[in-house]
Amino acid sequence: MYYPKSSVFVTGVAQIGKTDAINAMYGTFSLSLIIDTHSDTIISLSCNMVMAETIEFVRQLLIGKNIITDMDEMIETIQKRFLALSQKALIVALRDAQNRYQMSMKES
């Protein structure tokens, strides 16, 4: 896939519950976002979930959303539709990625 020159790669991390399979495989939860800096829109993402279907579901929930203005909407959607053990970790990682993105944009 081609990413425009206006895109950046940002990660967010979170601790994961001991009972979640992600903990056994990776130790922490990681969310990687590719964001178009012209629109602050998430254009692609990946995360270290165990099942491919889970990653695809998260993609459908978050791609196309604005990392700055749509945060409350994304969190609400995750809380209503992503009913997995890693729900809280996904929200924390998303907030962490938003923070990293906002800090980097201030420095630019």
# chains A, B, ... in the order shown; residues from 1 in each chain; ligands from 1
$ closest_atom_pairs --of "range 61-106 of chain A" --to "range 8-22 of chain A" --cutoff "12 Å" --atoms "only C-alpha atoms" --output "CSV"
residue,atom,partner,partner_atom,distance
A:Ile67,CA,A:Val10,CA,10.9
A:Ala84,CA,A:Asp20,CA,9.2
A:Leu85,CA,A:Asp20,CA,6.3
A:Ser86,CA,A:Ile16,CA,6.7
A:Gln87,CA,A:Ile16,CA,9.5
A:Lys88,CA,A:Ile16,CA,8.4
A:Ala89,CA,A:Ala14,CA,5.3
A:Leu90,CA,A:Ala14,CA,7.4
A:Ile91,CA,A:Ala14,CA,8.6
A:Val92,CA,A:Ala14,CA,5.9
A:Ala93,CA,A:Gly12,CA,4.4
A:Leu94,CA,A:Gly12,CA,6.0
A:Arg95,CA,A:Gly12,CA,7.3
A:Asp96,CA,A:Gly12,CA,4.7
A:Ala97,CA,A:Gly12,CA,4.1
A:Gln98,CA,A:Gly12,CA,7.8
A:Asn99,CA,A:Gly12,CA,8.6
A:Arg100,CA,A:Val10,CA,7.1
A:Tyr101,CA,A:Val10,CA,6.5
A:Gln102,CA,A:Val10,CA,10.3
A:Met103,CA,A:Val10,CA,11.1
A:Ser104,CA,A:Val10,CA,9.5
A:Met105,CA,A:Val8,CA,10.2
$ select_by_dssp --residues "range 21-88 of chain A" --states "helix (DSSP H, G or I)" --output "PyMOL selection string"
chain A and resi 21-26+52-62+71-81+87-88
$ residues_around --residues "Thr37 in chain A" --least-positions-apart "3" --cutoff "6 Å" --atoms "only C-alpha atoms" --output "PyMOL selection string"
chain A and resi 6-7+40
$ write_last_selection --atoms "N, CA and C atoms" --output "mmCIF file, in the first residue's frame"
data_model
loop_
_atom_site.group_PDB
_atom_site.id
_atom_site.type_symbol
_atom_site.label_atom_id
_atom_site.label_comp_id
_atom_site.auth_asym_id
_atom_site.auth_seq_id
_atom_site.Cartn_x
_atom_site.Cartn_y
_atom_site.Cartn_z
ATOM 1 N N SER A 6 2.194 13.039 3.366
ATOM 2 C CA SER A 6 1.613 13.742 4.514
ATOM 3 C C SER A 6 1.239 12.794 5.646
ATOM 4 N N SER A 7 1.592 11.519 5.529
ATOM 5 C CA SER A 7 1.221 10.552 6.565
ATOM 6 C C SER A 7 2.368 10.317 7.534
ATOM 7 N N ASP A 40 -5.722 14.774 9.850
ATOM 8 C CA ASP A 40 -5.670 14.079 11.144
ATOM 9 C C ASP A 40 -6.485 12.783 11.130
#
$ closest_residue --among "A:Phe82, A:Asn66, A:Pro4, A:Phe29" --to "Thr54 in chain A" --atoms "only C-alpha atoms"
A:Phe82
$ select_by_dssp --residues "range 28-80 of chain A" --states "strand (DSSP E or B)" --output "PyMOL selection string"
chain A and resi 28-36+41-47+66
$ write_last_selection --atoms "N, CA and C atoms" --output "short mmCIF file (atom, residue, chain, number, x, y, z; two decimals), in the first residue's frame"
data_model
loop_
_atom_site.label_atom_id
_atom_site.label_comp_id
_atom_site.auth_asym_id
_atom_site.auth_seq_id
_atom_site.Cartn_x
_atom_site.Cartn_y
_atom_site.Cartn_z
N THR A 28 2.62 -6.78 26.23
CA THR A 28 1.91 -5.51 26.22
C THR A 28 1.05 -5.43 24.96
N PHE A 29 0.12 -4.50 24.97
CA PHE A 29 -0.71 -4.27 23.80
C PHE A 29 -0.14 -3.08 23.03
N SER A 30 -0.05 -3.21 21.73
CA SER A 30 0.48 -2.15 20.87
C SER A 30 -0.50 -1.88 19.73
N LEU A 31 -0.75 -0.59 19.50
CA LEU A 31 -1.61 -0.13 18.42
C LEU A 31 -0.78 0.78 17.53
N SER A 32 -0.72 0.48 16.25
CA SER A 32 0.04 1.28 15.29
C SER A 32 -0.93 1.94 14.33
N LEU A 33 -0.82 3.25 14.21
CA LEU A 33 -1.71 4.02 13.35
C LEU A 33 -0.91 4.74 12.27
N ILE A 34 -1.46 4.82 11.08
CA ILE A 34 -0.93 5.69 10.05
C ILE A 34 -1.96 6.79 9.89
N ILE A 35 -1.51 8.02 10.08
CA ILE A 35 -2.40 9.18 10.12
C ILE A 35 -1.99 10.18 9.06
N ASP A 36 -2.98 10.66 8.33
CA ASP A 36 -2.74 11.73 7.35
C ASP A 36 -2.72 13.04 8.12
N THR A 41 -6.65 12.20 9.95
CA THR A 41 -7.48 11.02 9.78
C THR A 41 -6.63 9.74 9.83
N ILE A 42 -7.14 8.75 10.52
CA ILE A 42 -6.50 7.43 10.55
C ILE A 42 -6.75 6.77 9.20
N ILE A 43 -5.66 6.49 8.46
CA ILE A 43 -5.83 5.89 7.13
C ILE A 43 -5.49 4.40 7.12
N SER A 44 -4.81 3.93 8.15
CA SER A 44 -4.52 2.51 8.28
C SER A 44 -4.14 2.23 9.73
N LEU A 45 -4.25 0.98 10.12
CA LEU A 45 -3.84 0.62 11.48
C LEU A 45 -3.56 -0.86 11.58
N SER A 46 -2.82 -1.19 12.61
CA SER A 46 -2.60 -2.59 12.97
C SER A 46 -2.44 -2.64 14.48
N CYS A 47 -2.62 -3.82 15.04
CA CYS A 47 -2.43 -4.01 16.47
C CYS A 47 -2.04 -5.46 16.70
N ASN A 66 -11.06 10.83 12.76
CA ASN A 66 -10.10 11.89 13.04
C ASN A 66 -9.53 11.66 14.43
#
$ atom_distance --atom1 "CA of Met74 in chain A" --atom2 "CA of Tyr26 in chain A"
24.5 Å
$ atom_distance --atom1 "CA of Leu62 in chain A" --atom2 "CA of Asn23 in chain A"
22.7 Å
$ atom_distance --atom1 "CA of Met49 in chain A" --atom2 "CA of Met25 in chain A"
9.4 Å
